[in-house]
Amino acid sequence: MKLGVFTVLFGDKPLEEMLDHVKQSGLKAVEIGTGGYPGADHCPVNELIASEEKRSDFLEKVTSRELTISAFSCHGNPISPDPKVAASSDETLKKTIKLASMLGVPVVNTFSGTPGGSESDKTPNWPVTPWPSEFTEILKWQWRHKLIPYWKEMGEMAEEYGVKIGLELHAGFLVHTPYTMLKLREETSGAIGANLDPSHLWWQGIDPVAAIKILGREEAIYHFHAKDTYIDQDNVNMYGLTDMQPYAEVSSRAWTFRSVGYGHSIQEWANMVSALRTHGYDHVISIEHEDPIMSIDEGFRKAVANLKAVQIDEPPAEMWWA
């Protein structure tokens, strides 16, 4: 496995300056935004699709620094009931899949999306309880008429272009747990798997190591985000885990995103790295920084240092003792 970074946090740096910074930090890979929520500060998608020369130049800037691109990321809501949001997310995803194929980037990361509760809805509807029974009926309708049809189409496109799609398991979207990930994968395509981010599992009460085992057994982990979450149990008792306070309300929030090692112990991160290795993941651990009480540079440095302490770089040795 290699260590990398989701470069959206360096959006203020030009491409080559960003790549130099990543290289100097001792990392081996970059995950680059191509639109949607992450933006496309370092990747002019339309220009690159249109020009082989520009694609070669773009890739050379990465490879000349002995870096690789672990994924393109274009998180959005392609099944939104807002036609403009859905069309924009869909177009960005399709262009990103094409560009990934052209540049040999193996994974495209995004969200599964959330539709409305009916054809007449104008805003997303995310059911979280089976009763009253209309919530169950809404969820069934969403999967049958929106989620599965869309991702069948995208799975076929990904297969055609030789690219894998990593859906980030993020609450608020229909695919947010190992179960929903595997259910969608079964109903659509093996090209669709997980961009596993433990920060979104912890606050749902899911053990990331257990999730790695569940998804790893199905060879369904295509990418991995390194981001931590601090759970404040006193605040959980007040607000619950579905806390709707703004992220800036750190002192009262039930949970807060943190840099690696500042929400859970280094031992827990070592356990995750070992579980990834044990269950067949051999791609990139990509640092994502959304820590509200650290600067970008300090949070990034802390994450790099803590992950280097637990990273497994080399292939395993033969069992000479057995």
# chains A, B, ... in the order shown; residues from 1 in each chain; ligands from 1
call {"tool": "residues_around", "arguments": {"residues": "stretch 243-248 of chain A", "least_positions_apart": "6", "cutoff": "12 Å", "atoms": "only C-alpha atoms", "output": "short mmCIF file (atom, residue, chain, number, x, y, z; two decimals) with N, CA and C atoms, in the first residue's frame"}}
result
data_model
loop_
_atom_site.label_atom_id
_atom_site.label_comp_id
_atom_site.auth_asym_id
_atom_site.auth_seq_id
_atom_site.Cartn_x
_atom_site.Cartn_y
_atom_site.Cartn_z
N ALA A 171 -23.29 8.98 5.38
CA ALA A 171 -24.68 9.17 5.79
C ALA A 171 -25.27 10.39 5.10
N GLY A 172 -26.55 10.31 4.80
CA GLY A 172 -27.21 11.33 4.00
C GLY A 172 -27.44 10.87 2.58
N TRP A 203 -19.02 7.50 13.37
CA TRP A 203 -20.15 8.24 13.96
C TRP A 203 -21.49 7.57 13.68
N GLN A 204 -21.49 6.55 12.81
CA GLN A 204 -22.70 5.73 12.66
C GLN A 204 -22.71 4.54 13.61
N ILE A 231 -15.59 11.27 18.93
CA ILE A 231 -16.95 11.14 19.46
C ILE A 231 -16.95 11.71 20.89
N ASP A 232 -17.77 12.72 21.13
CA ASP A 232 -17.91 13.30 22.46
C ASP A 232 -19.18 12.74 23.10
N ASN A 235 -21.83 14.98 24.60
CA ASN A 235 -22.65 15.67 23.60
C ASN A 235 -23.56 14.71 22.84
N VAL A 236 -23.12 13.47 22.68
CA VAL A 236 -24.00 12.45 22.09
C VAL A 236 -25.25 12.29 22.95
N ASN A 237 -25.06 12.32 24.26
CA ASN A 237 -26.20 12.17 25.17
C ASN A 237 -27.22 13.29 24.99
N ALA A 254 -21.78 16.41 18.83
CA ALA A 254 -21.65 15.02 19.28
C ALA A 254 -20.40 14.37 18.70
N TRP A 255 -20.05 14.75 17.50
CA TRP A 255 -18.85 14.20 16.86
C TRP A 255 -18.25 15.25 15.94
N THR A 256 -16.93 15.12 15.73
CA THR A 256 -16.19 16.09 14.94
C THR A 256 -15.12 15.37 14.14
N PHE A 257 -14.97 15.71 12.87
CA PHE A 257 -13.88 15.15 12.08
C PHE A 257 -12.54 15.62 12.64
N ARG A 258 -11.56 14.73 12.68
CA ARG A 258 -10.24 15.07 13.18
C ARG A 258 -9.15 14.49 12.26
N GLU A 290 -10.17 17.35 7.23
CA GLU A 290 -11.31 18.21 7.51
C GLU A 290 -11.38 18.53 9.00
N ASP A 291 -10.21 18.71 9.61
CA ASP A 291 -10.11 18.95 11.05
C ASP A 291 -10.38 20.43 11.33
N PRO A 292 -11.44 20.75 12.13
CA PRO A 292 -11.79 22.15 12.34
C PRO A 292 -10.95 22.89 13.37
N ILE A 293 -10.07 22.18 14.09
CA ILE A 293 -9.28 22.87 15.11
C ILE A 293 -7.78 22.80 14.81
#
call {"tool": "closest_atom_pairs", "arguments": {"of": "stretch 77-117 of chain A", "to": "stretch 34-54 of chain A", "cutoff": "7 Å", "atoms": "only C-alpha atoms", "output": "tab-separated table"}}
result
residue	atom	partner	partner_atom	distance
A:Ser89	CA	A:Gly36	CA	6.3
A:Thr92	CA	A:Gly35	CA	6.4
A:Thr96	CA	A:Thr34	CA	6.6
A:Leu99	CA	A:Ile49	CA	5.9
call {"tool": "closest_residue", "arguments": {"among": "A:His264, A:Lys164, A:Arg277, A:Arg253", "to": "A:Val105", "atoms": "only C-alpha atoms"}}
result
A:Lys164
call {"tool": "residues_around", "arguments": {"residues": "A:Tyr281", "least_positions_apart": "2", "cutoff": "9 Å", "atoms": "only C-alpha atoms", "output": "PyMOL selection string"}}
result
chain A and resi 1+216+219+221-223+275-279+283-284
call {"tool": "write_last_selection", "arguments": {"atoms": "C-alpha atoms", "output": "short mmCIF file (atom, residue, chain, number, x, y, z; two decimals), in the first residue's frame"}}
result
data_model
loop_
_atom_site.label_atom_id
_atom_site.label_comp_id
_atom_site.auth_asym_id
_atom_site.auth_seq_id
_atom_site.Cartn_x
_atom_site.Cartn_y
_atom_site.Cartn_z
CA MET A 1 0.00 0.00 0.00
CA GLY A 216 -12.79 -7.13 1.88
CA GLU A 219 -13.28 -7.73 -2.85
CA ILE A 221 -12.88 -2.01 -1.36
CA TYR A 222 -11.56 0.12 -4.23
CA HIS A 223 -10.17 3.12 -2.36
CA ALA A 275 -7.06 -5.50 8.17
CA LEU A 276 -6.71 -3.86 4.75
CA ARG A 277 -3.56 -5.91 4.05
CA THR A 278 -5.12 -9.11 5.39
CA HIS A 279 -8.24 -8.74 3.25
CA HIS A 283 -3.95 0.37 -3.28
CA VAL A 284 -3.62 3.80 -1.62
#
call {"tool": "residues_around", "arguments": {"residues": "stretch 186-196 of chain A", "least_positions_apart": "5", "cutoff": "8 Å", "atoms": "only C-alpha atoms", "output": "count of residues only"}}
result
23
call {"tool": "closest_residue", "arguments": {"among": "A:Thr68, A:Ser101, A:Thr229, A:Thr180", "to": "A:Glu160", "atoms": "only C-alpha atoms"}}
result
A:Ser101
call {"tool": "residues_around", "arguments": {"residues": "A:Pro78", "least_positions_apart": "6", "cutoff": "9 Å", "atoms": "only C-alpha atoms", "output": "list of chain:residue names"}}
result
A:Val85, A:Ala86, A:Ala87, A:Ser88, A:Ser89, A:Asp90, A:Glu91, A:Leu93, A:Phe111, A:Ser112, A:Gly113, A:Thr114, A:Pro115, A:Tyr150
call {"tool": "atom_distance", "arguments": {"atom1": "atom CA of A:Glu249", "atom2": "atom CA of A:Thr177"}}
result
25.9 Å
call {"tool": "closest_residue", "arguments": {"among": "A:Thr110, A:Ser73, A:Thr129, A:Ser295", "to": "A:Val5", "atoms": "only C-alpha atoms"}}
result
A:Ser73
call {"tool": "residues_around", "arguments": {"residues": "A:His289", "least_positions_apart": "2", "cutoff": "10 Å", "atoms": "only C-alpha atoms", "output": "MDAnalysis selection string"}}
result
chainID A and resid 5:9 225:228 257:260 286:287 291:292 294:297 299:300 303
call {"tool": "write_last_selection", "arguments": {"atoms": "N, CA and C atoms", "output": "PDB file, in the first residue's frame"}}
result
ATOM      1  N   VAL A   5      -2.749  11.581  -0.701  1.00  0.00           N
ATOM      2  CA  VAL A   5      -3.557  12.648  -0.139  1.00  0.00           C
ATOM      3  C   VAL A   5      -4.618  13.069  -1.151  1.00  0.00           C
ATOM      4  N   PHE A   6      -5.789  13.411  -0.631  1.00  0.00           N
ATOM      5  CA  PHE A   6      -6.864  14.001  -1.420  1.00  0.00           C
ATOM      6  C   PHE A   6      -6.521  15.482  -1.550  1.00  0.00           C
ATOM      7  N   THR A   7      -6.139  15.905  -2.746  1.00  0.00           N
ATOM      8  CA  THR A   7      -5.473  17.196  -2.906  1.00  0.00           C
ATOM      9  C   THR A   7      -6.404  18.396  -2.847  1.00  0.00           C
ATOM     10  N   VAL A   8      -7.686  18.185  -2.580  1.00  0.00           N
ATOM     11  CA  VAL A   8      -8.606  19.311  -2.478  1.00  0.00           C
ATOM     12  C   VAL A   8      -8.183  20.290  -1.383  1.00  0.00           C
ATOM     13  N   LEU A   9      -7.481  19.807  -0.351  1.00  0.00           N
ATOM     14  CA  LEU A   9      -7.059  20.706   0.712  1.00  0.00           C
ATOM     15  C   LEU A   9      -5.952  21.661   0.270  1.00  0.00           C
ATOM     16  N   HIS A 225     -10.022   6.323   2.390  1.00  0.00           N
ATOM     17  CA  HIS A 225      -9.746   7.652   2.909  1.00  0.00           C
ATOM     18  C   HIS A 225      -9.264   7.564   4.356  1.00  0.00           C
ATOM     19  N   ALA A 226      -8.229   8.321   4.675  1.00  0.00           N
ATOM     20  CA  ALA A 226      -7.703   8.369   6.036  1.00  0.00           C
ATOM     21  C   ALA A 226      -8.158   9.667   6.701  1.00  0.00           C
ATOM     22  N   LYS A 227      -9.234   9.556   7.456  1.00  0.00           N
ATOM     23  CA  LYS A 227      -9.767  10.692   8.208  1.00  0.00           C
ATOM     24  C   LYS A 227     -10.355  10.154   9.502  1.00  0.00           C
ATOM     25  N   ASP A 228     -10.176  10.883  10.581  1.00  0.00           N
ATOM     26  CA  ASP A 228     -10.585  10.423  11.899  1.00  0.00           C
ATOM     27  C   ASP A 228     -11.850  11.160  12.348  1.00  0.00           C
ATOM     28  N   PHE A 257     -14.967  15.709  12.873  1.00  0.00           N
ATOM     29  CA  PHE A 257     -13.880  15.147  12.081  1.00  0.00           C
ATOM     30  C   PHE A 257     -12.539  15.625  12.642  1.00  0.00           C
ATOM     31  N   ARG A 258     -11.560  14.725  12.680  1.00  0.00           N
ATOM     32  CA  ARG A 258     -10.235  15.069  13.180  1.00  0.00           C
ATOM     33  C   ARG A 258      -9.152  14.488  12.262  1.00  0.00           C
ATOM     34  N   SER A 259      -7.971  15.011  12.408  1.00  0.00           N
ATOM     35  CA  SER A 259      -6.828  14.448  11.706  1.00  0.00           C
ATOM     36  C   SER A 259      -6.510  13.070  12.278  1.00  0.00           C
ATOM     37  N   VAL A 260      -5.857  12.248  11.485  1.00  0.00           N
ATOM     38  CA  VAL A 260      -5.561  10.866  11.876  1.00  0.00           C
ATOM     39  C   VAL A 260      -4.840  10.817  13.220  1.00  0.00           C
ATOM     40  N   SER A 286      -5.454   7.314   1.321  1.00  0.00           N
ATOM     41  CA  SER A 286      -5.471   8.716   0.893  1.00  0.00           C
ATOM     42  C   SER A 286      -5.943   9.622   2.031  1.00  0.00           C
ATOM     43  N   ILE A 287      -5.071  10.503   2.472  1.00  0.00           N
ATOM     44  CA  ILE A 287      -5.374  11.405   3.585  1.00  0.00           C
ATOM     45  C   ILE A 287      -6.415  12.438   3.154  1.00  0.00           C
ATOM     46  N   ASP A 291     -10.206  18.714   9.614  1.00  0.00           N
ATOM     47  CA  ASP A 291     -10.113  18.953  11.049  1.00  0.00           C
ATOM     48  C   ASP A 291     -10.376  20.430  11.334  1.00  0.00           C
ATOM     49  N   PRO A 292     -11.436  20.751  12.125  1.00  0.00           N
ATOM     50  CA  PRO A 292     -11.793  22.153  12.336  1.00  0.00           C
ATOM     51  C   PRO A 292     -10.950  22.889  13.367  1.00  0.00           C
ATOM     52  N   MET A 294      -7.430  22.417  13.598  1.00  0.00           N
ATOM     53  CA  MET A 294      -6.039  22.434  13.146  1.00  0.00           C
ATOM     54  C   MET A 294      -5.945  23.177  11.824  1.00  0.00           C
ATOM     55  N   SER A 295      -4.801  23.789  11.592  1.00  0.00           N
ATOM     56  CA  SER A 295      -4.559  24.367  10.278  1.00  0.00           C
ATOM     57  C   SER A 295      -4.422  23.250   9.255  1.00  0.00           C
ATOM     58  N   ILE A 296      -4.546  23.602   7.991  1.00  0.00           N
ATOM     59  CA  ILE A 296      -4.373  22.602   6.936  1.00  0.00           C
ATOM     60  C   ILE A 296      -2.995  21.973   7.026  1.00  0.00           C
ATOM     61  N   ASP A 297      -1.966  22.805   7.145  1.00  0.00           N
ATOM     62  CA  ASP A 297      -0.599  22.274   7.140  1.00  0.00           C
ATOM     63  C   ASP A 297      -0.321  21.398   8.343  1.00  0.00           C
ATOM     64  N   GLY A 299      -2.542  19.838  10.362  1.00  0.00           N
ATOM     65  CA  GLY A 299      -3.357  18.626  10.308  1.00  0.00           C
ATOM     66  C   GLY A 299      -2.823  17.624   9.310  1.00  0.00           C
ATOM     67  N   PHE A 300      -2.366  18.133   8.167  1.00  0.00           N
ATOM     68  CA  PHE A 300      -1.778  17.267   7.147  1.00  0.00           C
ATOM     69  C   PHE A 300      -0.498  16.621   7.660  1.00  0.00           C
ATOM     70  N   ALA A 303      -1.215  13.892  10.192  1.00  0.00           N
ATOM     71  CA  ALA A 303      -1.751  12.694   9.554  1.00  0.00           C
ATOM     72  C   ALA A 303      -0.653  11.903   8.863  1.00  0.00           C
TER      73      ALA A 303
END
call {"tool": "select_by_dssp", "arguments": {"residues": "stretch 179-258 of chain A", "states": "strand (DSSP E)", "output": "JSON, numbers by chain"}}
result
{"A": [192, 193, 194, 195, 196, 221, 222, 223, 224, 225, 226, 228, 229, 230, 231, 255, 256, 257, 258]}
call {"tool": "write_last_selection", "arguments": {"atoms": "N, CA and C atoms", "output": "PDB file, in the first residue's frame"}}
result
ATOM      1  N   ILE A 192     -18.641  -1.517  -9.217  1.00  0.00           N
ATOM      2  CA  ILE A 192     -19.003  -0.589  -8.147  1.00  0.00           C
ATOM      3  C   ILE A 192     -18.598  -1.182  -6.800  1.00  0.00           C
ATOM      4  N   GLY A 193     -17.790  -0.431  -6.061  1.00  0.00           N
ATOM      5  CA  GLY A 193     -17.333  -0.854  -4.744  1.00  0.00           C
ATOM      6  C   GLY A 193     -17.283   0.338  -3.808  1.00  0.00           C
ATOM      7  N   ALA A 194     -16.476   0.225  -2.767  1.00  0.00           N
ATOM      8  CA  ALA A 194     -16.448   1.243  -1.724  1.00  0.00           C
ATOM      9  C   ALA A 194     -15.195   2.098  -1.780  1.00  0.00           C
ATOM     10  N   ASN A 195     -15.386   3.391  -1.578  1.00  0.00           N
ATOM     11  CA  ASN A 195     -14.304   4.271  -1.132  1.00  0.00           C
ATOM     12  C   ASN A 195     -14.501   4.368   0.372  1.00  0.00           C
ATOM     13  N   LEU A 196     -13.779   3.553   1.113  1.00  0.00           N
ATOM     14  CA  LEU A 196     -14.048   3.378   2.545  1.00  0.00           C
ATOM     15  C   LEU A 196     -13.394   4.489   3.360  1.00  0.00           C
ATOM     16  N   ILE A 221     -13.527  -3.247  -1.781  1.00  0.00           N
ATOM     17  CA  ILE A 221     -12.879  -2.006  -1.358  1.00  0.00           C
ATOM     18  C   ILE A 221     -11.980  -1.527  -2.489  1.00  0.00           C
ATOM     19  N   TYR A 222     -12.306  -0.391  -3.081  1.00  0.00           N
ATOM     20  CA  TYR A 222     -11.559   0.119  -4.232  1.00  0.00           C
ATOM     21  C   TYR A 222     -10.686   1.314  -3.894  1.00  0.00           C
ATOM     22  N   HIS A 223     -10.954   1.963  -2.756  1.00  0.00           N
ATOM     23  CA  HIS A 223     -10.166   3.122  -2.356  1.00  0.00           C
ATOM     24  C   HIS A 223     -10.367   3.315  -0.863  1.00  0.00           C
ATOM     25  N   PHE A 224      -9.469   4.082  -0.225  1.00  0.00           N
ATOM     26  CA  PHE A 224      -9.547   4.241   1.232  1.00  0.00           C
ATOM     27  C   PHE A 224      -9.158   5.658   1.620  1.00  0.00           C
ATOM     28  N   HIS A 225     -10.022   6.323   2.390  1.00  0.00           N
ATOM     29  CA  HIS A 225      -9.746   7.652   2.909  1.00  0.00           C
ATOM     30  C   HIS A 225      -9.264   7.564   4.356  1.00  0.00           C
ATOM     31  N   ALA A 226      -8.229   8.321   4.675  1.00  0.00           N
ATOM     32  CA  ALA A 226      -7.703   8.369   6.036  1.00  0.00           C
ATOM     33  C   ALA A 226      -8.158   9.667   6.701  1.00  0.00           C
ATOM     34  N   ASP A 228     -10.176  10.883  10.581  1.00  0.00           N
ATOM     35  CA  ASP A 228     -10.585  10.423  11.899  1.00  0.00           C
ATOM     36  C   ASP A 228     -11.850  11.160  12.348  1.00  0.00           C
ATOM     37  N   THR A 229     -12.476  10.638  13.395  1.00  0.00           N
ATOM     38  CA  THR A 229     -13.636  11.268  14.016  1.00  0.00           C
ATOM     39  C   THR A 229     -13.520  11.156  15.530  1.00  0.00           C
ATOM     40  N   TYR A 230     -13.738  12.283  16.193  1.00  0.00           N
ATOM     41  CA  TYR A 230     -13.800  12.284  17.654  1.00  0.00           C
ATOM     42  C   TYR A 230     -15.256  12.238  18.094  1.00  0.00           C
ATOM     43  N   ILE A 231     -15.595  11.272  18.930  1.00  0.00           N
ATOM     44  CA  ILE A 231     -16.948  11.141  19.464  1.00  0.00           C
ATOM     45  C   ILE A 231     -16.954  11.706  20.886  1.00  0.00           C
ATOM     46  N   TRP A 255     -20.050  14.752  17.505  1.00  0.00           N
ATOM     47  CA  TRP A 255     -18.853  14.198  16.860  1.00  0.00           C
ATOM     48  C   TRP A 255     -18.252  15.249  15.943  1.00  0.00           C
ATOM     49  N   THR A 256     -16.935  15.119  15.731  1.00  0.00           N
ATOM     50  CA  THR A 256     -16.194  16.094  14.936  1.00  0.00           C
ATOM     51  C   THR A 256     -15.116  15.372  14.142  1.00  0.00           C
ATOM     52  N   PHE A 257     -14.967  15.709  12.873  1.00  0.00           N
ATOM     53  CA  PHE A 257     -13.880  15.147  12.081  1.00  0.00           C
ATOM     54  C   PHE A 257     -12.539  15.625  12.642  1.00  0.00           C
ATOM     55  N   ARG A 258     -11.560  14.725  12.680  1.00  0.00           N
ATOM     56  CA  ARG A 258     -10.235  15.069  13.180  1.00  0.00           C
ATOM     57  C   ARG A 258      -9.152  14.488  12.262  1.00  0.00           C
TER      58      ARG A 258
END
call {"tool": "residues_around", "arguments": {"residues": "A:Met272", "least_positions_apart": "3", "cutoff": "8 Å", "atoms": "only C-alpha atoms", "output": "PyMOL selection string"}}
result
chain A and resi 208-209+212+268-269+275-276
call {"tool": "write_last_selection", "arguments": {"atoms": "N, CA and C atoms", "output": "PDB file, in the first residue's frame"}}
result
ATOM      1  N   PRO A 208     -14.765   0.265  11.916  1.00  0.00           N
ATOM      2  CA  PRO A 208     -14.132   0.221  10.594  1.00  0.00           C
ATOM      3  C   PRO A 208     -13.397  -1.079  10.298  1.00  0.00           C
ATOM      4  N   VAL A 209     -12.772  -1.677  11.296  1.00  0.00           N
ATOM      5  CA  VAL A 209     -12.086  -2.951  11.056  1.00  0.00           C
ATOM      6  C   VAL A 209     -13.086  -4.020  10.632  1.00  0.00           C
ATOM      7  N   ILE A 212     -14.073  -3.339   7.081  1.00  0.00           N
ATOM      8  CA  ILE A 212     -13.023  -3.770   6.157  1.00  0.00           C
ATOM      9  C   ILE A 212     -13.125  -5.273   5.918  1.00  0.00           C
ATOM     10  N   GLU A 268      -5.603   1.716  16.824  1.00  0.00           N
ATOM     11  CA  GLU A 268      -6.773   1.444  15.997  1.00  0.00           C
ATOM     12  C   GLU A 268      -6.469   1.658  14.519  1.00  0.00           C
ATOM     13  N   TRP A 269      -5.654   2.666  14.204  1.00  0.00           N
ATOM     14  CA  TRP A 269      -5.255   2.876  12.821  1.00  0.00           C
ATOM     15  C   TRP A 269      -4.348   1.742  12.340  1.00  0.00           C
ATOM     16  N   ALA A 275      -5.850  -4.885   8.734  1.00  0.00           N
ATOM     17  CA  ALA A 275      -7.056  -5.499   8.167  1.00  0.00           C
ATOM     18  C   ALA A 275      -7.119  -5.294   6.660  1.00  0.00           C
ATOM     19  N   LEU A 276      -6.738  -4.108   6.192  1.00  0.00           N
ATOM     20  CA  LEU A 276      -6.707  -3.856   4.749  1.00  0.00           C
ATOM     21  C   LEU A 276      -5.752  -4.820   4.065  1.00  0.00           C
TER      22      LEU A 276
END
call {"tool": "select_by_dssp", "arguments": {"residues": "stretch 48-112 of chain A", "states": "helix (DSSP H, G or I)", "output": "MDAnalysis selection string"}}
result
chainID A and resid 48:50 52:63 83:103
call {"tool": "atom_distance", "arguments": {"atom1": "atom CA of A:Gly205", "atom2": "atom CA of A:Trp143"}}
result
23.5 Å
call {"tool": "closest_residue", "arguments": {"among": "A:Lys302, A:Lys140, A:Arg217, A:Lys94", "to": "A:Leu174", "atoms": "only C-alpha atoms"}}
result
A:Lys140
call {"tool": "decode", "arguments": {"residues": "stretch 81-109 of chain A", "atoms": "N, CA and C atoms", "output": "mmCIF file, in the first residue's frame"}}
result
data_model
loop_
_atom_site.group_PDB
_atom_site.id
_atom_site.type_symbol
_atom_site.label_atom_id
_atom_site.label_comp_id
_atom_site.auth_asym_id
_atom_site.auth_seq_id
_atom_site.Cartn_x
_atom_site.Cartn_y
_atom_site.Cartn_z
ATOM 1 N N PRO A 81 -33.435 15.065 -6.846
ATOM 2 C CA PRO A 81 -34.700 15.475 -7.473
ATOM 3 C C PRO A 81 -34.613 16.857 -8.120
ATOM 4 N N ASP A 82 -33.544 17.589 -7.844
ATOM 5 C CA ASP A 82 -33.303 18.866 -8.521
ATOM 6 C C ASP A 82 -32.663 18.556 -9.869
ATOM 7 N N PRO A 83 -33.329 18.786 -10.982
ATOM 8 C CA PRO A 83 -32.808 18.390 -12.298
ATOM 9 C C PRO A 83 -31.434 18.981 -12.609
ATOM 10 N N LYS A 84 -31.176 20.211 -12.171
ATOM 11 C CA LYS A 84 -29.884 20.835 -12.445
ATOM 12 C C LYS A 84 -28.764 20.145 -11.693
ATOM 13 N N VAL A 85 -29.015 19.830 -10.427
ATOM 14 C CA VAL A 85 -27.999 19.132 -9.619
ATOM 15 C C VAL A 85 -27.733 17.745 -10.193
ATOM 16 N N ALA A 86 -28.795 17.016 -10.514
ATOM 17 C CA ALA A 86 -28.641 15.664 -11.056
ATOM 18 C C ALA A 86 -27.897 15.680 -12.379
ATOM 19 N N ALA A 87 -28.265 16.600 -13.271
ATOM 20 C CA ALA A 87 -27.623 16.661 -14.591
ATOM 21 C C ALA A 87 -26.153 17.029 -14.478
ATOM 22 N N SER A 88 -25.837 17.992 -13.617
ATOM 23 C CA SER A 88 -24.443 18.401 -13.442
ATOM 24 C C SER A 88 -23.603 17.269 -12.856
ATOM 25 N N SER A 89 -24.129 16.591 -11.825
ATOM 26 C CA SER A 89 -23.396 15.488 -11.195
ATOM 27 C C SER A 89 -23.199 14.339 -12.173
ATOM 28 N N ASP A 90 -24.232 14.026 -12.933
ATOM 29 C CA ASP A 90 -24.168 12.949 -13.921
ATOM 30 C C ASP A 90 -23.137 13.264 -15.005
ATOM 31 N N GLU A 91 -23.178 14.475 -15.531
ATOM 32 C CA GLU A 91 -22.226 14.868 -16.579
ATOM 33 C C GLU A 91 -20.791 14.814 -16.069
ATOM 34 N N THR A 92 -20.576 15.318 -14.858
ATOM 35 C CA THR A 92 -19.230 15.308 -14.291
ATOM 36 C C THR A 92 -18.722 13.892 -14.081
ATOM 37 N N LEU A 93 -19.595 13.019 -13.579
ATOM 38 C CA LEU A 93 -19.200 11.629 -13.356
ATOM 39 C C LEU A 93 -18.834 10.946 -14.674
ATOM 40 N N LYS A 94 -19.660 11.116 -15.696
ATOM 41 C CA LYS A 94 -19.389 10.463 -16.975
ATOM 42 C C LYS A 94 -18.087 10.973 -17.598
ATOM 43 N N LYS A 95 -17.858 12.265 -17.540
ATOM 44 C CA LYS A 95 -16.604 12.815 -18.058
ATOM 45 C C LYS A 95 -15.404 12.311 -17.260
ATOM 46 N N THR A 96 -15.590 12.188 -15.950
ATOM 47 C CA THR A 96 -14.489 11.710 -15.105
ATOM 48 C C THR A 96 -14.147 10.264 -15.408
ATOM 49 N N ILE A 97 -15.153 9.435 -15.623
ATOM 50 C CA ILE A 97 -14.899 8.036 -15.995
ATOM 51 C C ILE A 97 -14.115 7.973 -17.302
ATOM 52 N N LYS A 98 -14.507 8.757 -18.278
ATOM 53 C CA LYS A 98 -13.794 8.784 -19.559
ATOM 54 C C LYS A 98 -12.349 9.229 -19.374
ATOM 55 N N LEU A 99 -12.149 10.312 -18.612
ATOM 56 C CA LEU A 99 -10.794 10.823 -18.414
ATOM 57 C C LEU A 99 -9.943 9.830 -17.631
ATOM 58 N N ALA A 100 -10.527 9.198 -16.631
ATOM 59 C CA ALA A 100 -9.789 8.197 -15.861
ATOM 60 C C ALA A 100 -9.294 7.074 -16.766
ATOM 61 N N SER A 101 -10.151 6.638 -17.678
ATOM 62 C CA SER A 101 -9.752 5.591 -18.614
ATOM 63 C C SER A 101 -8.611 6.062 -19.507
ATOM 64 N N MET A 102 -8.694 7.285 -20.001
ATOM 65 C CA MET A 102 -7.656 7.829 -20.882
ATOM 66 C C MET A 102 -6.303 7.931 -20.182
ATOM 67 N N LEU A 103 -6.313 8.230 -18.875
ATOM 68 C CA LEU A 103 -5.070 8.457 -18.140
ATOM 69 C C LEU A 103 -4.628 7.251 -17.313
ATOM 70 N N GLY A 104 -5.382 6.175 -17.363
ATOM 71 C CA GLY A 104 -5.007 4.988 -16.610
ATOM 72 C C GLY A 104 -5.216 5.138 -15.113
ATOM 73 N N VAL A 105 -6.137 6.000 -14.712
ATOM 74 C CA VAL A 105 -6.484 6.159 -13.292
ATOM 75 C C VAL A 105 -7.503 5.079 -12.940
ATOM 76 N N PRO A 106 -7.228 4.263 -11.922
ATOM 77 C CA PRO A 106 -8.047 3.053 -11.733
ATOM 78 C C PRO A 106 -9.409 3.249 -11.104
ATOM 79 N N VAL A 107 -9.595 4.353 -10.350
ATOM 80 C CA VAL A 107 -10.812 4.503 -9.548
ATOM 81 C C VAL A 107 -11.383 5.908 -9.706
ATOM 82 N N VAL A 108 -12.711 5.978 -9.747
ATOM 83 C CA VAL A 108 -13.436 7.246 -9.679
ATOM 84 C C VAL A 108 -14.294 7.215 -8.422
ATOM 85 N N ASN A 109 -14.067 8.172 -7.523
ATOM 86 C CA ASN A 109 -14.814 8.237 -6.264
ATOM 87 C C ASN A 109 -15.976 9.220 -6.365
#
